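Heads up, upload-v2.txt below (compact mmCIF, C-alpha atoms (C1' of nucleotides)):
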```txt
# COMPACT_ATOMS: atom_id res chain seq x y z
CA MET A 1 9.93 -69.60 196.64
CA THR A 2 11.54 -66.18 196.45
CA VAL A 3 15.17 -65.39 195.91
CA GLU A 4 17.57 -62.90 197.41
CA THR A 5 19.16 -61.10 194.52
CA THR A 6 21.23 -58.62 196.49
CA GLU A 7 23.44 -61.21 198.19
CA GLN A 8 25.59 -63.92 196.68
CA PRO A 9 27.07 -66.92 198.47
CA ALA A 10 30.54 -66.05 199.80
CA SER A 11 31.90 -69.18 198.15
CA VAL A 12 31.37 -67.74 194.68
CA LYS A 13 34.70 -66.52 193.38
CA ARG A 14 34.67 -63.36 191.35
CA ARG A 15 36.50 -62.54 188.20
CA GLY A 16 36.04 -58.82 187.75
CA ARG A 17 32.47 -57.71 188.18
CA TYR A 18 30.74 -61.00 187.51
CA ALA A 19 30.83 -64.48 188.93
CA ASN A 20 33.01 -67.09 187.31
CA GLY A 21 31.13 -68.50 184.37
CA LEU A 22 31.42 -72.20 185.02
CA GLN A 23 30.72 -71.81 188.72
CA ARG A 24 27.74 -69.66 187.89
CA ARG A 25 26.44 -72.22 185.45
CA ASP A 26 26.98 -74.88 188.07
CA GLU A 27 25.05 -72.87 190.62
CA PHE A 28 22.19 -72.39 188.16
CA ILE A 29 22.04 -76.13 187.56
CA ASP A 30 21.99 -76.92 191.27
CA ARG A 31 19.24 -74.43 192.00
CA ALA A 32 17.23 -75.43 188.94
CA PHE A 33 17.62 -79.02 190.15
CA GLU A 34 15.95 -78.10 193.44
CA ILE A 35 13.20 -76.14 191.69
CA PHE A 36 12.43 -78.98 189.28
CA ALA A 37 12.54 -81.63 191.99
CA THR A 38 10.03 -79.69 194.08
CA HIS A 39 7.75 -77.94 191.62
CA GLY A 40 8.11 -80.20 188.60
CA PHE A 41 9.11 -78.43 185.41
CA GLN A 42 6.24 -78.68 182.96
CA ARG A 43 4.63 -75.38 183.71
CA LEU A 44 7.91 -73.55 184.26
CA SER A 45 9.00 -71.19 181.50
CA LEU A 46 12.57 -69.99 181.16
CA ARG A 47 11.35 -66.61 182.36
CA LYS A 48 9.88 -68.11 185.55
CA ILE A 49 13.00 -70.13 186.27
CA ALA A 50 15.20 -67.09 185.68
CA GLU A 51 12.99 -65.09 188.02
CA GLU A 52 13.54 -67.69 190.75
CA LEU A 53 17.27 -67.45 190.15
CA GLY A 54 17.17 -63.68 190.26
CA VAL A 55 18.42 -63.08 186.74
CA SER A 56 16.88 -62.24 183.39
CA HIS A 57 15.80 -65.08 181.13
CA ALA A 58 18.44 -63.94 178.64
CA ALA A 59 21.13 -64.60 181.24
CA LEU A 60 19.93 -68.19 181.47
CA SER A 61 19.99 -68.45 177.70
CA TYR A 62 23.58 -67.32 177.78
CA HIS A 63 24.62 -70.28 179.90
CA PHE A 64 22.26 -72.76 178.25
CA PRO A 65 21.80 -72.37 174.49
CA SER A 66 18.29 -73.78 174.67
CA LYS A 67 15.74 -74.87 177.24
CA GLU A 68 16.50 -78.43 176.28
CA ASP A 69 20.12 -77.89 177.27
CA LEU A 70 19.10 -76.70 180.71
CA LEU A 71 16.90 -79.73 181.26
CA GLN A 72 19.66 -82.00 180.04
CA ALA A 73 22.17 -80.34 182.37
CA VAL A 74 19.88 -80.83 185.35
CA PHE A 75 19.37 -84.39 184.37
CA ASP A 76 23.09 -85.05 183.99
CA ARG A 77 23.62 -83.55 187.42
CA GLN A 78 21.25 -86.10 188.89
CA ALA A 79 23.13 -88.92 187.18
CA GLU A 80 26.42 -87.59 188.60
CA ARG A 81 24.94 -87.47 192.08
CA ASP A 82 23.56 -90.98 191.88
CA ARG A 83 26.54 -92.74 190.35
CA PRO A 84 28.84 -93.04 193.41
CA LEU A 85 26.15 -94.57 195.60
CA LEU A 86 25.05 -96.79 192.74
CA GLU A 87 28.51 -98.16 192.06
CA GLN A 88 29.23 -98.64 195.72
CA SER A 89 26.02 -100.60 196.21
CA LEU A 90 26.73 -102.79 193.20
CA ALA A 91 30.30 -103.49 194.31
CA GLU A 92 29.32 -104.34 197.86
CA ARG A 93 26.20 -106.36 197.36
CA GLY A 94 25.50 -106.94 193.70
CA LEU A 95 22.50 -105.85 191.66
CA LEU A 96 19.91 -108.15 193.11
CA ALA A 97 20.48 -107.21 196.72
CA ALA A 98 21.06 -103.50 196.10
CA LEU A 99 17.94 -103.01 194.04
CA PRO A 100 15.50 -101.92 196.76
CA GLU A 101 17.88 -99.22 197.91
CA LEU A 102 18.43 -97.95 194.38
CA VAL A 103 14.70 -97.67 193.93
CA ARG A 104 14.28 -95.84 197.21
CA GLN A 105 16.94 -93.42 196.12
CA ASN A 106 14.71 -92.30 193.28
CA GLU A 107 11.65 -92.10 195.45
CA ASP A 108 13.04 -89.07 197.23
CA PHE A 109 12.79 -87.02 194.05
CA PRO A 110 9.47 -87.70 192.34
CA GLY A 111 9.76 -84.45 190.39
CA LEU A 112 12.97 -85.65 188.79
CA VAL A 113 11.61 -89.11 188.09
CA GLN A 114 8.77 -87.44 186.25
CA LEU A 115 11.21 -85.17 184.44
CA ASP A 116 13.10 -88.27 183.38
CA ALA A 117 9.95 -90.05 182.21
CA THR A 118 8.72 -87.07 180.24
CA MET A 119 12.08 -86.33 178.64
CA GLN A 120 12.43 -89.95 177.60
CA ALA A 121 8.99 -89.90 176.02
CA GLU A 122 9.60 -86.65 174.19
CA ALA A 123 13.05 -87.68 172.99
CA ILE A 124 11.54 -90.55 171.00
CA ARG A 125 11.35 -88.16 168.06
CA LYS A 126 14.36 -88.80 165.86
CA ASP A 127 14.91 -85.08 165.33
CA HIS A 128 14.82 -84.34 169.07
CA PRO A 129 18.14 -82.91 170.32
CA GLY A 130 18.34 -85.54 173.07
CA HIS A 131 17.33 -88.50 170.94
CA GLU A 132 20.72 -90.09 170.39
CA PHE A 133 21.78 -89.45 173.97
CA THR A 134 18.66 -91.05 175.40
CA HIS A 135 18.82 -94.00 173.04
CA ARG A 136 22.43 -94.64 174.04
CA ARG A 137 21.49 -94.27 177.69
CA ILE A 138 18.87 -96.99 177.38
CA ASP A 139 21.34 -99.30 175.65
CA LEU A 140 24.01 -98.65 178.26
CA PHE A 141 21.61 -99.34 181.10
CA ASN A 142 20.60 -102.61 179.49
CA ALA A 143 24.25 -103.53 179.04
CA ASP A 144 25.04 -102.65 182.66
CA VAL A 145 22.21 -104.77 183.98
CA ARG A 146 23.18 -107.61 181.67
CA ARG A 147 26.71 -107.56 183.03
CA GLU A 148 25.41 -107.59 186.60
CA LEU A 149 23.18 -110.53 185.79
CA GLU A 150 26.16 -112.33 184.33
CA ARG A 151 28.12 -111.78 187.52
CA GLU A 152 25.27 -113.09 189.61
CA GLN A 153 25.03 -116.09 187.35
CA GLU A 154 28.73 -116.82 187.75
CA LYS A 155 28.28 -116.75 191.49
CA GLY A 156 25.61 -119.39 191.10
CA ARG A 157 22.81 -117.17 192.29
CA LEU A 158 20.96 -117.18 188.98
CA ARG A 159 19.43 -119.87 186.82
CA THR A 160 21.71 -120.96 184.02
CA ASP A 161 19.02 -121.35 181.37
CA LEU A 162 18.40 -117.63 180.93
CA ASP A 163 18.86 -115.52 177.82
CA LEU A 164 20.61 -112.67 179.61
CA ASP A 165 20.02 -110.10 176.87
CA LEU A 166 16.34 -110.84 177.05
CA THR A 167 16.28 -110.93 180.85
CA ALA A 168 18.14 -107.64 181.19
CA ARG A 169 15.67 -105.87 178.94
CA GLN A 170 12.73 -107.42 180.73
CA LEU A 171 14.15 -106.10 183.98
CA THR A 172 14.84 -102.54 182.81
CA ALA A 173 11.52 -102.33 181.01
CA MET A 174 9.64 -103.49 184.08
CA ALA A 175 11.53 -101.03 186.28
CA ARG A 176 10.58 -98.16 183.96
CA GLY A 177 6.96 -99.19 183.79
CA LEU A 178 6.72 -99.64 187.54
CA GLN A 179 8.28 -96.25 188.13
CA MET A 180 5.60 -94.80 185.88
CA GLN A 181 2.79 -96.49 187.79
CA TRP A 182 4.36 -95.37 191.05
CA LEU A 183 4.24 -91.76 189.86
CA TYR A 184 0.48 -92.16 189.51
CA ASP A 185 0.06 -94.10 192.72
CA PRO A 186 2.73 -93.76 195.43
CA THR A 187 1.46 -96.89 197.16
CA VAL A 188 2.84 -99.02 194.31
CA ASP A 189 5.81 -100.86 195.77
CA VAL A 190 8.33 -100.77 192.93
CA ALA A 191 10.99 -102.71 194.80
CA ALA A 192 8.58 -105.48 195.77
CA HIS A 193 7.44 -105.99 192.20
CA LEU A 194 11.00 -106.07 190.89
CA ASP A 195 12.02 -108.44 193.63
CA GLY A 196 9.14 -110.68 192.71
CA PHE A 197 10.47 -110.89 189.18
CA LEU A 198 14.02 -111.56 190.38
CA ALA A 199 12.64 -114.48 192.37
CA PHE A 200 11.84 -116.19 189.06
CA LEU A 201 15.46 -115.79 188.04
CA ARG A 202 17.16 -117.10 191.17
CA ALA A 203 18.86 -120.45 191.08
CA MET B 1 -0.34 -84.18 152.72
CA THR B 2 -2.51 -81.42 151.26
CA VAL B 3 -6.23 -81.01 151.53
CA GLU B 4 -8.94 -80.01 149.12
CA THR B 5 -10.83 -77.23 150.78
CA THR B 6 -13.31 -76.51 148.02
CA GLU B 7 -14.97 -79.92 148.12
CA GLN B 8 -16.54 -81.72 151.03
CA PRO B 9 -17.38 -85.43 151.24
CA ALA B 10 -20.93 -85.99 149.99
CA SER B 11 -21.70 -87.93 153.16
CA VAL B 12 -21.47 -84.79 155.28
CA LYS B 13 -24.96 -83.56 155.98
CA ARG B 14 -25.46 -79.82 156.05
CA ARG B 15 -27.38 -77.70 158.50
CA GLY B 16 -27.69 -74.31 156.91
CA ARG B 17 -24.42 -72.93 155.66
CA TYR B 18 -22.07 -75.23 157.56
CA ALA B 19 -21.60 -78.91 158.24
CA ASN B 20 -23.35 -80.64 161.10
CA GLY B 21 -21.38 -80.01 164.29
CA LEU B 22 -21.00 -83.45 165.73
CA GLN B 23 -20.30 -85.08 162.39
CA ARG B 24 -17.77 -82.38 161.68
CA ARG B 25 -16.08 -82.98 165.01
CA ASP B 26 -16.05 -86.67 164.28
CA GLU B 27 -14.49 -86.08 160.89
CA PHE B 28 -11.84 -83.88 162.47
CA ILE B 29 -10.95 -86.60 164.96
CA ASP B 30 -10.64 -89.24 162.27
CA ARG B 31 -8.42 -87.09 160.07
CA ALA B 32 -6.34 -85.89 163.02
CA PHE B 33 -5.95 -89.56 163.95
CA GLU B 34 -4.40 -90.28 160.55
CA ILE B 35 -2.18 -87.20 160.72
CA PHE B 36 -0.89 -88.06 164.21
CA ALA B 37 -0.35 -91.71 163.39
CA THR B 38 1.74 -90.80 160.37
CA HIS B 39 3.50 -87.59 161.29
CA GLY B 40 3.57 -87.84 165.05
CA PHE B 41 2.08 -84.89 166.86
CA GLN B 42 4.82 -83.19 168.86
CA ARG B 43 5.81 -80.61 166.33
CA LEU B 44 2.24 -80.11 165.14
CA SER B 45 0.62 -76.88 166.25
CA LEU B 46 -3.12 -76.35 166.18
CA ARG B 47 -2.52 -74.07 163.20
CA LYS B 48 -0.71 -76.78 161.24
CA ILE B 49 -3.36 -79.37 162.04
CA ALA B 50 -6.10 -76.94 161.07
CA GLU B 51 -4.28 -76.23 157.83
CA GLU B 52 -4.24 -79.94 157.02
CA LEU B 53 -7.96 -80.05 157.74
CA GLY B 54 -8.60 -77.01 155.59
CA VAL B 55 -9.99 -74.79 158.33
CA SER B 56 -8.67 -72.03 160.57
CA HIS B 57 -7.17 -72.91 163.91
CA ALA B 58 -10.04 -71.07 165.57
CA ALA B 59 -12.50 -73.48 163.95
CA LEU B 60 -10.63 -76.38 165.56
CA SER B 61 -10.70 -74.58 168.88
CA TYR B 62 -14.45 -74.34 168.55
CA HIS B 63 -14.83 -78.11 168.43
CA PHE B 64 -12.07 -78.81 170.96
CA PRO B 65 -11.78 -76.34 173.85
CA SER B 66 -8.05 -77.00 174.17
CA LYS B 67 -5.30 -78.82 172.34
CA GLU B 68 -5.36 -81.37 175.14
CA ASP B 69 -8.99 -82.11 174.33
CA LEU B 70 -8.14 -82.81 170.72
CA LEU B 71 -5.35 -85.21 171.68
CA GLN B 72 -7.63 -86.92 174.16
CA ALA B 73 -10.36 -87.28 171.55
CA VAL B 74 -7.92 -88.85 169.11
CA PHE B 75 -6.68 -91.16 171.78
CA ASP B 76 -10.19 -92.21 172.77
CA ARG B 77 -10.91 -92.93 169.14
CA GLN B 78 -8.00 -95.34 169.04
CA ALA B 79 -9.28 -97.12 172.11
CA GLU B 80 -12.70 -97.46 170.48
CA ARG B 81 -11.16 -98.91 167.35
CA ASP B 82 -9.00 -101.39 169.24
CA ARG B 83 -11.56 -102.68 171.70
CA PRO B 84 -13.57 -105.03 169.46
CA LEU B 85 -10.49 -106.86 168.18
CA LEU B 86 -9.04 -106.94 171.68
CA GLU B 87 -12.14 -108.47 173.23
CA GLN B 88 -12.54 -110.95 170.44
CA SER B 89 -8.95 -112.11 170.79
CA LEU B 90 -9.29 -112.48 174.53
CA ALA B 91 -12.55 -114.40 174.26
CA GLU B 92 -11.25 -116.78 171.61
CA ARG B 93 -7.77 -117.51 172.86
CA GLY B 94 -7.16 -115.88 176.22
CA LEU B 95 -4.59 -113.28 177.14
CA LEU B 96 -1.49 -115.39 176.95
CA ALA B 97 -2.07 -116.66 173.44
CA ALA B 98 -3.46 -113.41 172.06
CA LEU B 99 -0.66 -111.25 173.34
CA PRO B 100 1.64 -111.28 170.31
CA GLU B 101 -1.20 -110.17 168.06
CA LEU B 102 -2.20 -107.38 170.41
CA VAL B 103 1.35 -106.13 170.39
CA ARG B 104 1.55 -106.27 166.62
CA GLN B 105 -1.66 -104.29 166.46
CA ASN B 106 0.12 -101.39 168.13
CA GLU B 107 3.20 -101.72 165.97
CA ASP B 108 1.28 -100.50 162.96
CA PHE B 109 0.87 -97.07 164.54
CA PRO B 110 4.16 -96.01 166.13
CA GLY B 111 3.04 -92.38 166.07
CA LEU B 112 0.07 -93.22 168.29
CA VAL B 113 2.13 -95.37 170.61
CA GLN B 114 4.41 -92.41 171.10
CA LEU B 115 1.43 -90.14 171.58
CA ASP B 116 0.21 -92.50 174.26
CA ALA B 117 3.59 -92.64 175.97
CA THR B 118 4.04 -88.89 175.97
CA MET B 119 0.52 -88.15 177.14
CA GLN B 120 0.87 -90.62 179.96
CA ALA B 121 4.13 -89.00 181.05
CA GLU B 122 2.72 -85.50 180.90
CA ALA B 123 -0.50 -86.43 182.68
CA ILE B 124 1.47 -87.39 185.80
CA ARG B 125 0.99 -83.82 186.99
CA LYS B 126 -1.95 -83.82 189.39
CA ASP B 127 -3.31 -80.60 187.89
CA HIS B 128 -3.15 -81.98 184.35
CA PRO B 129 -6.62 -82.18 182.76
CA GLY B 130 -6.12 -85.83 181.83
CA HIS B 131 -4.60 -86.92 185.14
CA GLU B 132 -7.58 -88.66 186.68
CA PHE B 133 -8.56 -90.26 183.38
CA THR B 134 -5.09 -91.67 182.82
CA HIS B 135 -4.75 -92.88 186.39
CA ARG B 136 -8.06 -94.71 186.10
CA ARG B 137 -7.01 -96.15 182.76
CA ILE B 138 -3.89 -97.65 184.30
CA ASP B 139 -5.90 -99.17 187.13
CA LEU B 140 -8.48 -100.59 184.75
CA PHE B 141 -5.82 -102.16 182.55
CA ASN B 142 -4.22 -103.76 185.59
CA ALA B 143 -7.60 -105.07 186.70
CA ASP B 144 -8.34 -106.44 183.22
CA VAL B 145 -5.04 -108.26 183.05
CA ARG B 146 -5.51 -109.58 186.56
CA ARG B 147 -8.88 -111.03 185.59
CA GLU B 148 -7.37 -112.66 182.52
CA LEU B 149 -4.60 -114.17 184.62
CA GLU B 150 -7.22 -115.50 186.99
CA ARG B 151 -9.04 -117.18 184.12
CA GLU B 152 -5.83 -118.74 182.87
CA GLN B 153 -5.10 -119.95 186.36
CA GLU B 154 -8.52 -121.57 186.63
CA LYS B 155 -7.87 -123.37 183.39
CA GLY B 156 -4.72 -124.77 184.95
CA ARG B 157 -2.40 -122.96 182.59
CA LEU B 158 -0.81 -120.83 185.29
CA ARG B 159 1.13 -121.56 188.45
CA THR B 160 -1.03 -121.46 191.54
CA ASP B 161 1.51 -119.80 193.82
CA LEU B 162 1.26 -116.37 192.19
CA ASP B 163 0.16 -113.09 193.73
CA LEU B 164 -2.04 -112.08 190.83
CA ASP B 165 -2.19 -108.39 191.75
CA LEU B 166 1.56 -108.29 191.74
CA THR B 167 1.88 -110.37 188.58
CA ALA B 168 -0.63 -108.27 186.67
CA ARG B 169 1.24 -105.08 187.48
CA GLN B 170 4.56 -106.68 186.57
CA LEU B 171 3.09 -107.61 183.23
CA THR B 172 1.57 -104.24 182.37
CA ALA B 173 4.65 -102.38 183.57
CA MET B 174 6.93 -104.56 181.48
CA ALA B 175 4.68 -104.13 178.45
CA ARG B 176 4.85 -100.35 178.83
CA GLY B 177 8.58 -100.31 179.27
CA LEU B 178 9.16 -102.61 176.33
CA GLN B 179 6.95 -100.50 174.14
CA MET B 180 9.11 -97.53 175.10
CA GLN B 181 12.32 -99.32 174.22
CA TRP B 182 10.77 -100.48 170.96
CA LEU B 183 10.02 -96.86 170.05
CA TYR B 184 13.74 -96.19 170.32
CA ASP B 185 14.78 -99.39 168.60
CA PRO B 186 12.27 -101.12 166.31
CA THR B 187 14.30 -104.33 166.42
CA VAL B 188 13.24 -104.88 170.04
CA ASP B 189 10.83 -107.80 169.96
CA VAL B 190 8.19 -106.76 172.47
CA ALA B 191 6.13 -109.92 172.09
CA ALA B 192 9.14 -112.19 172.59
CA HIS B 193 10.14 -110.45 175.82
CA LEU B 194 6.60 -110.59 177.18
CA ASP B 195 6.29 -114.20 176.17
CA GLY B 196 9.53 -114.94 177.98
CA PHE B 197 8.04 -113.52 181.15
CA LEU B 198 4.82 -115.47 180.71
CA ALA B 199 6.93 -118.62 180.48
CA PHE B 200 7.87 -118.11 184.13
CA LEU B 201 4.19 -118.01 185.02
CA ARG B 202 3.03 -121.10 183.18
CA ALA B 203 2.11 -124.19 185.13
C1' DG C 1 32.85 -62.79 179.66
C1' DT C 2 28.41 -61.87 181.75
C1' DC C 3 24.58 -59.51 181.98
C1' DT C 4 20.03 -56.44 180.80
C1' DA C 5 16.96 -54.74 177.48
C1' DT C 6 14.45 -55.58 173.72
C1' DA C 7 12.51 -57.44 169.62
C1' DC C 8 11.14 -61.45 166.53
C1' DT C 9 8.42 -65.40 165.52
C1' DG C 10 5.18 -68.77 166.69
C1' DT C 11 1.99 -70.72 170.17
C1' DG C 12 -2.80 -71.70 172.38
C1' DA C 13 -6.74 -69.22 173.48
C1' DT C 14 -10.76 -66.10 172.94
C1' DA C 15 -14.10 -62.26 171.35
C1' DG C 16 -17.05 -60.81 168.04
C1' DA C 17 -18.43 -60.31 163.01
C1' DC C 18 -21.03 -62.88 159.65
C1' DG D 1 -20.37 -72.97 162.74
C1' DT D 2 -16.71 -70.72 160.97
C1' DC D 3 -14.18 -66.94 160.23
C1' DT D 4 -10.84 -62.69 161.20
C1' DA D 5 -8.55 -60.19 164.55
C1' DT D 6 -6.27 -59.96 168.61
C1' DC D 7 -4.30 -61.40 172.99
C1' DA D 8 -0.71 -62.94 176.38
C1' DC D 9 2.98 -65.74 176.61
C1' DA D 10 6.51 -68.90 174.94
C1' DG D 11 11.59 -69.79 173.24
C1' DT D 12 15.11 -67.66 170.83
C1' DA D 13 18.41 -64.13 169.05
C1' DT D 14 21.05 -60.05 169.31
C1' DA D 15 22.79 -55.32 170.56
C1' DG D 16 25.14 -53.08 173.76
C1' DA D 17 26.20 -51.88 178.93
C1' DC D 18 29.87 -52.98 182.05
```
File written out as structure tokens:
Amino acid sequence: MTVETTEQPASVKRRGRYANGLQRRDEFIDRAFEIFATHGFQRLSLRKIAEELGVSHAALSYHFPSKEDLLQAVFDRQAERDRPLLEQSLAERGLLAALPELVRQNEDFPGLVQLDATMQAEAIRKDHPGHEFTHRRIDLFNADVRRELEREQEKGRLRTDLDLDLTARQLTAMARGLQMQWLYDPTVDVAAHLDGFLAFLRA
Amino acid sequence: MTVETTEQPASVKRRGRYANGLQRRDEFIDRAFEIFATHGFQRLSLRKIAEELGVSHAALSYHFPSKEDLLQAVFDRQAERDRPLLEQSLAERGLLAALPELVRQNEDFPGLVQLDATMQAEAIRKDHPGHEFTHRRIDLFNADVRRELEREQEKGRLRTDLDLDLTARQLTAMARGLQMQWLYDPTVDVAAHLDGFLAFLRA
DNA sequence: GTCTATACTGTGATAGAC
DNA sequence: GTCTATCACAGTATAGAC
């Protein structure tokens, strides 16, 4: 993967001699996204990434105060990309029916799923810069799933004797764990396992 | 945590000027185990660990070719320690009844649970030195759980309409994911969530 | 405001003295 | 078997070009 440094996309607006800062940052995120998704990120130093982008590693540091910030930005970008499809699927068909598709959506980017898994494991440390963010993210996901379960229950598609807080956490935990096992063995059918669990919950 | 460097335990046999190699390595593993379990390991460099042990970082590198090897050795040591209690619990009461205790066993060492989670995430990379080992470990755990489920089924304590391969993976995946959420929020009751899932499986 | 050049500190690894 | 010395490379910080 080599990069043309002499040419810039015509779409990049200029302000004086250099590209617009926010657009430039955005471009870096997008390209880093592709690099991470393909090559993973563990063995990539800031210097290597910068080399791929055709700039010095200091230029990267200018846009992203720390390596952690770059990883976080890439990760946020993925969340932004996923959200529209996610919300559409939920609105149209509800959590239970949309689940296989949501899983498949992740399967196209194993590098990012691994990035996610590793970041979540590393951010367990209380003094990690992404700790609070990740913790809140887990809670929000649980709350989202709980709400979806509630909706399904109201529609009479779910058993009424469930502790939804408990069930939601069981579901998100299982999804995480399955994703992990899938990373080690692509033949693991994440959707099928989740669907099997949902079968226990159906009315 | 400071270390006396002038004195050595009387139990350490000498061979010439220095301690016996294998015993020394063993001692290092045990003490590193304690350090990791208490302090975590992420921010610990080989130099810091060596300082705690009262030797130079090069001495550690002699016993463990790479940092990865040290972590692996510590992790193996944990597995060795856990196995007897695990097997005894399984033999006496079976998986379903022993589960809460097994979970509690891990809860005493959050540092090691995090070590485990992080190592497993990092070892996803195919070129990671611990990749094959970790992959095999996941498979073995799934197989163990599957066998236990089979035994429970034979005793009539489990539904007979289960796909045990699927169920075993659901169970191990959920356990992993719950452990992760517990690391972020110690109020998460891992055993209760697992037990709730097992309730679906009971005959 | 954005970049390059450069230096600082700390890392894991290794060679060779003892 | 353990040490000191040294290495290449990491992330970070800053000075100054433009």
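Atom C1' of C:DA15 is found 15.1 Å from atom C1' of D:DG1.
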Report, in Å to a single decimal, how far apart atom CA of A:Asp189 and atom CA of B:Gln114 are. 26.1 Å
Need to verify the contact set: stretch 28-37 of chain A, 7 Å, all atoms listed in the file, exclusion of same-chain residues closer than 3 positions in sequence. Can you return it as a PyMOL selection string? chain A and resi 24-25+40-41+73-74+109-112
Go through chain D and flag each residue having an atom no more than 10 Å from chain B; for those, report the closest pair of atoms plus their distance in Å to one decimal, using only C-alpha atoms (C1' of nucleotides), ordered by chain and rising number, as a tab-separated table.
```
residue	atom	partner	partner_atom	distance
D:DG1	C1'	B:Tyr18	CA	5.9
D:DT2	C1'	B:Ala59	CA	5.8
D:DC3	C1'	B:Ser56	CA	7.5
D:DT4	C1'	B:Ala58	CA	9.5
```
Distance limit 9 Å, atoms considered: all atoms listed in the file. Which chain B residues sit that close to chain C? Return them as an NGL selection string. :B and (45-47 or 58 or 61 or 65-67)
